[in-house]
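Here the structure comes first, spelled out in structure tokens, and everything after it is commentary.
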Amino acid sequence: MKLSDFDYHLPKELIAQTPLPRSRSRLLNVTDIMEDLHITDLPMYLSKGDVLVLNNTRVIPSLLRARKVSKFGDDVINDGIISFNLYKNVQGNVWLAFAKPGKKVRVGDTFAVNGKILLFQIIGKSQNSPEITIQFACQGDSLISQLKLYGDVPLPPYIKRSAPTEADTSDYQTVFASVDGAVAAPTAGLHFTTGMLEDIQAQGVRLAYITLHVGGGTFLPIRSEHITEHEMHEEAFLIPTDSAAIINDARANGNKVIAVGTTVLRTLEATADERGFLRGCHGSTNLFIYPGYRFKAVDMLLTNFHLPKSTLFILVCAFAGTERMKRAYLHAVQQKYRFFSYGDACFLRRYRQA
């Protein structure tokens with residue numbers, strides 16, 4: 001399979017730069033006949049006994065604007081601000097990050113955020129990319145607390161503004177986010193309000209929460225024309241025992257498992273047995289799903305509209321059928337749906353392979 005097989009034309013004006021109020025987004029119900037709805041119509045397609053699985057990861061403010069600290073003292077060098085976008089926790093206080101402009105960063109340099117309060121050192125740098133490895137002076141809960149005080153929301157690169165706004169701090173976070181660790185939001189969950197989730201539960205649909213800490217690698221492009229040569233980034237996950245039990249109960253009783261977002265789908269598929277049953281567990285996954293993959297755990301998927309030639313668009317093609325998804329995206333463009341993280345959603349059913 002070639003990467004060019006998963007391309008489509010998207011007018012730039014359809015890339016959402018700000019979100020609509022929660023529960024106001026449009027919803028494209030993708031079947032043989034495309035149905036234009038609103039996200040509040042989703043409960044019509046859920047039945048008593050079904051389970052809606054959500055990712056409760058919380059986005060940490062992982063975009064840092066820092067200045068270099070002198071090697072010969074504690075003076076902050078006033079030679080411009082460097083942006084550091086943390087995208088993966090390696091271990092403890094060591095992170096992988098992207099630096100911009102990267103040419104001003106060298107191994108051994110020390111940087112300070114907000115004066116000299118939050119300090120880190122460059123301990124590694126890639127020769128072929130802006131990727132660097134940094135080590136903070138603090139770690140654990142202290143580091144997370146410092147990031148919350150002095151970091152910014154790590155908006156995706158296609159949201160164009162000079163800096164995140166105060167509104168982004170809440171807009172780019174689900175209402176059920178509770179476990180710190182993501183550097184990108186599980187954006188399908190952004191459409192829900194607490195009231196909408198309560199209404200869904202009231203009709204007999206159960207909620208189950210898993211955690212997958214979305215990494216910045218989700219935005220990395222596929223660089224090989226042959227998609228099977230692409231290596232996915234690793235992301236840490238947790239499936240609580242009680243959530244696994246809820247999902248297994250729905251499966252055993254013939255009810256549907258609905259994943260809210262590709263992060264949930266990848267987590268469930270990475271851990272399910274051949275019958276689609278799960279157990280409570282934690283670990284990391286770099287599962288890359290492309291057409292030909294046989295799904296075991298997920299029956300339906302709620303997700304936003306994804307970038308052309310991205311791992312996420314390839315995933316939805318694998319789930320719902322490539323030709324159907326190309327028709328769906330063409331319909332969405334023609335009907336001027338809003339695309340990507342702050343955009344509208346689509347509702348997909350698993351493609352039944354022969």
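By order of appearance in the structure tokens: chains A, B, ..., then residues from 1 within every chain, and ligands from 1 in the order shown.
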### Filtered DSSP result for segment 317-354 of chain A, state strand (DSSP E), as a ChimeraX atom specification
/A:345-349
I need the chosen residues saved as an mmCIF file, in the first residue's frame, with all heavy atoms.
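Generated output (part_14.cif):
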```
data_model
loop_
_atom_site.group_PDB
_atom_site.id
_atom_site.type_symbol
_atom_site.label_atom_id
_atom_site.label_comp_id
_atom_site.auth_asym_id
_atom_site.auth_seq_id
_atom_site.Cartn_x
_atom_site.Cartn_y
_atom_site.Cartn_z
ATOM 1 N N ALA A 345 -17.017 15.934 13.963
ATOM 2 C CA ALA A 345 -16.772 14.503 14.197
ATOM 3 C C ALA A 345 -17.490 13.655 13.162
ATOM 4 O O ALA A 345 -18.408 14.112 12.465
ATOM 5 C CB ALA A 345 -17.244 14.118 15.597
ATOM 6 N N CYS A 346 -17.066 12.390 13.079
ATOM 7 C CA CYS A 346 -17.789 11.418 12.267
ATOM 8 C C CYS A 346 -17.965 10.139 13.083
ATOM 9 O O CYS A 346 -17.197 9.867 14.016
ATOM 10 C CB CYS A 346 -17.086 11.141 10.936
ATOM 11 S SG CYS A 346 -15.383 10.574 11.063
ATOM 12 N N PHE A 347 -18.997 9.390 12.731
ATOM 13 C CA PHE A 347 -19.350 8.173 13.466
ATOM 14 C C PHE A 347 -19.252 7.005 12.500
ATOM 15 O O PHE A 347 -19.916 6.984 11.460
ATOM 16 C CB PHE A 347 -20.770 8.292 14.027
ATOM 17 C CG PHE A 347 -21.133 7.213 15.007
ATOM 18 C CD1 PHE A 347 -20.291 6.888 16.053
ATOM 19 C CD2 PHE A 347 -22.337 6.533 14.885
ATOM 20 C CE1 PHE A 347 -20.624 5.888 16.957
ATOM 21 C CE2 PHE A 347 -22.692 5.536 15.790
ATOM 22 C CZ PHE A 347 -21.823 5.216 16.833
ATOM 23 N N LEU A 348 -18.399 6.029 12.839
ATOM 24 C CA LEU A 348 -18.046 4.961 11.922
ATOM 25 C C LEU A 348 -18.423 3.593 12.482
ATOM 26 O O LEU A 348 -18.381 3.377 13.699
ATOM 27 C CB LEU A 348 -16.532 4.973 11.646
ATOM 28 C CG LEU A 348 -15.886 6.320 11.319
ATOM 29 C CD1 LEU A 348 -14.388 6.150 11.136
ATOM 30 C CD2 LEU A 348 -16.523 6.935 10.079
ATOM 31 N N ARG A 349 -18.740 2.691 11.576
ATOM 32 C CA ARG A 349 -18.977 1.297 11.923
ATOM 33 C C ARG A 349 -17.884 0.431 11.329
ATOM 34 O O ARG A 349 -17.380 0.714 10.247
ATOM 35 C CB ARG A 349 -20.347 0.849 11.383
ATOM 36 C CG ARG A 349 -21.512 1.498 12.102
ATOM 37 C CD ARG A 349 -22.712 1.658 11.226
ATOM 38 N NE ARG A 349 -23.741 2.424 11.919
ATOM 39 C CZ ARG A 349 -23.766 3.766 12.014
ATOM 40 N NH1 ARG A 349 -22.786 4.477 11.462
ATOM 41 N NH2 ARG A 349 -24.726 4.376 12.667
#
```
Can you write out as JSON lines which residues of segment 7-63 of chain A fall within 6 Å of segment 209-231 of chain A, alongside each residue's closest atom pair and its distance in Å to one decimal, counting only C-alpha atoms and ordering rows by chain and ascending residue number?
```
{"residue": "A:Val53", "atom": "CA", "partner": "A:Tyr209", "partner_atom": "CA", "distance": 5.7}
{"residue": "A:Leu54", "atom": "CA", "partner": "A:Tyr209", "partner_atom": "CA", "distance": 4.9}
{"residue": "A:Asn55", "atom": "CA", "partner": "A:Ile210", "partner_atom": "CA", "distance": 5.1}
{"residue": "A:Asn56", "atom": "CA", "partner": "A:Thr211", "partner_atom": "CA", "distance": 5.4}
{"residue": "A:Thr57", "atom": "CA", "partner": "A:Thr211", "partner_atom": "CA", "distance": 5.3}
```
### Message
as an MDAnalysis selection string, please: every residue in segment 5-248 of chain A that DSSP puts in alpha helix (DSSP H).
### Response
chainID A and resid 140:150 166:171 194:202 241:248
### Task
One decimal, Å: what's the distance from atom CA of Arg24 of chain A over to atom CA of Thr40 of chain A, could you say?
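Going from atom CA of Arg24 of chain A over to atom CA of Thr40 of chain A covers 7.6 Å.
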### Task
Using only C-alpha atoms, find the one residue out of A:Ser4, A:Asn286, A:Gln91, A:Thr187 that sits nearest to Gly261 of chain A.
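Between A:Ser4, A:Asn286, A:Gln91, A:Thr187, the residue approaching Gly261 of chain A most closely is A:Thr187.
Atom to atom, atom CA of Val260 of chain A and atom CA of Ile144 of chain A stand 26.3 Å apart.
For the set A:Leu287, A:Ile60, A:Leu278, A:Arg294, the residue with the smallest atom-to-atom gap to Ser170 of chain A is A:Ile60, counting only C-alpha atoms.
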### Message
Can you tell me which residues surround segment 310-313 of chain A at a distance of at most 8 Å, considering only C-alpha atoms, apart from same-chain residues fewer than 4 positions away, and format the answer as a ChimeraX atom specification?
### Response
/A:6,218,221-222,262,288-290,305-306,317
Selected residues, N, CA, C and O atoms, written as a PDB file, in the first residue's frame, please.
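The file below, selection.pdb, is the result:
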```pdb
ATOM      1  N   PHE A   6      -3.743   7.382   0.311  1.00  0.00           N
ATOM      2  CA  PHE A   6      -4.495   7.911   1.451  1.00  0.00           C
ATOM      3  C   PHE A   6      -4.441   9.446   1.490  1.00  0.00           C
ATOM      4  O   PHE A   6      -4.452  10.057   2.546  1.00  0.00           O
ATOM      5  N   THR A 218       2.104  11.728  17.379  1.00  0.00           N
ATOM      6  CA  THR A 218       0.869  11.571  16.612  1.00  0.00           C
ATOM      7  C   THR A 218       0.815  12.529  15.427  1.00  0.00           C
ATOM      8  O   THR A 218       0.087  12.303  14.462  1.00  0.00           O
ATOM      9  N   PRO A 221       4.820  13.081  10.394  1.00  0.00           N
ATOM     10  CA  PRO A 221       4.383  12.557   9.097  1.00  0.00           C
ATOM     11  C   PRO A 221       4.986  11.189   8.799  1.00  0.00           C
ATOM     12  O   PRO A 221       6.023  10.807   9.349  1.00  0.00           O
ATOM     13  N   ILE A 222       4.312  10.447   7.926  1.00  0.00           N
ATOM     14  CA  ILE A 222       4.876   9.218   7.387  1.00  0.00           C
ATOM     15  C   ILE A 222       5.842   9.612   6.276  1.00  0.00           C
ATOM     16  O   ILE A 222       5.466  10.311   5.340  1.00  0.00           O
ATOM     17  N   THR A 262      -9.411   7.606  18.268  1.00  0.00           N
ATOM     18  CA  THR A 262      -8.446   6.614  17.791  1.00  0.00           C
ATOM     19  C   THR A 262      -7.516   6.155  18.905  1.00  0.00           C
ATOM     20  O   THR A 262      -6.998   5.029  18.854  1.00  0.00           O
ATOM     21  N   PHE A 288       0.398   0.076  14.787  1.00  0.00           N
ATOM     22  CA  PHE A 288       0.064   0.833  13.580  1.00  0.00           C
ATOM     23  C   PHE A 288      -1.010   0.037  12.844  1.00  0.00           C
ATOM     24  O   PHE A 288      -0.774  -1.070  12.386  1.00  0.00           O
ATOM     25  N   ILE A 289      -2.191   0.635  12.750  1.00  0.00           N
ATOM     26  CA  ILE A 289      -3.324  -0.038  12.115  1.00  0.00           C
ATOM     27  C   ILE A 289      -3.504   0.501  10.705  1.00  0.00           C
ATOM     28  O   ILE A 289      -3.659   1.712  10.504  1.00  0.00           O
ATOM     29  N   TYR A 290      -3.473  -0.404   9.738  1.00  0.00           N
ATOM     30  CA  TYR A 290      -3.690  -0.021   8.337  1.00  0.00           C
ATOM     31  C   TYR A 290      -4.564  -1.089   7.676  1.00  0.00           C
ATOM     32  O   TYR A 290      -4.793  -2.167   8.259  1.00  0.00           O
ATOM     33  N   PHE A 305     -12.092  14.483  12.006  1.00  0.00           N
ATOM     34  CA  PHE A 305     -11.559  14.326  10.650  1.00  0.00           C
ATOM     35  C   PHE A 305     -10.050  14.546  10.689  1.00  0.00           C
ATOM     36  O   PHE A 305      -9.576  15.526  11.270  1.00  0.00           O
ATOM     37  N   HIS A 306      -9.297  13.652  10.042  1.00  0.00           N
ATOM     38  CA  HIS A 306      -7.849  13.599  10.201  1.00  0.00           C
ATOM     39  C   HIS A 306      -7.101  14.084   8.964  1.00  0.00           C
ATOM     40  O   HIS A 306      -7.653  14.166   7.873  1.00  0.00           O
ATOM     41  N   CYS A 317      -9.527   4.380   7.618  1.00  0.00           N
ATOM     42  CA  CYS A 317      -9.757   3.625   6.382  1.00  0.00           C
ATOM     43  C   CYS A 317      -9.755   2.127   6.668  1.00  0.00           C
ATOM     44  O   CYS A 317     -10.561   1.368   6.117  1.00  0.00           O
TER      45      CYS A 317
END
```
### Distance criterion (only C-alpha atoms): nearest to Val30 of chain A out of A:Asn253, A:Tyr45, A:Ala66, A:Asp273
A:Tyr45
### Message
as JSON, numbers by chain, please: the residues near Ala328 of chain A (cut-off 7 Å, only C-alpha atoms, same-chain neighbours under 4 positions excluded).
### Response
{"A": [30, 34, 324, 332]}
Once you have the residues from the selection above, write them out as a compact mmCIF listing (two decimals), in the first residue's frame, restricted to C-alpha atoms.
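Printed below is selection-v5.txt as written:
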```txt
# COMPACT_ATOMS: atom_id res chain seq x y z
CA VAL A 30 -20.91 7.40 7.82
CA MET A 34 -23.94 9.91 4.41
CA ARG A 324 -16.16 4.55 2.10
CA ALA A 332 -17.40 16.47 4.47
```
### Query
atom CA of Ile15 of chain A and atom CA of Asp180 of chain A, how far apart in Å?
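Straight-line distance from atom CA of Asp180 of chain A to atom CA of Ile15 of chain A works out to 27.3 Å.
The closest residue to Leu268 of chain A, picked from A:Asp249, A:Asp299, A:Asp344, A:Asp41 and counting only C-alpha atoms, is A:Asp299.
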Closest atom pairs, segment 4-43 of chain A residues within 10 Å of segment 194-201 of chain A, only C-alpha atoms, as a tab-separated table:
```
residue	atom	partner	partner_atom	distance
A:Arg22	CA	A:Met196	CA	9.7
A:Ser23	CA	A:Met196	CA	7.7
A:Ile39	CA	A:Met196	CA	9.7
A:Thr40	CA	A:Met196	CA	7.6
A:Leu42	CA	A:Ile200	CA	9.0
A:Pro43	CA	A:Ile200	CA	6.3
```
### Query
From the list A:Gly115, A:Gly49, A:Gly140, A:Gly292, which residue is nearest Val69 of chain A when using only C-alpha atoms?
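Looking only at the distances to Val69 of chain A, the closest residue turns out to be A:Gly115.
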## Note on the structure
Across A:Thr193, A:Asn89, A:Thr263, A:Thr165, the smallest distance to Gly181 of chain A, with only C-alpha atoms counted, is shown by A:Asn89
#### Entry: Spatial neighbours of Ile159 of chain A, 12 Å, only C-alpha atoms, chain gap at least 5 places, as a PyMOL selection string
chain A and resi 12-19+153-154+164-165+168+172+339-343
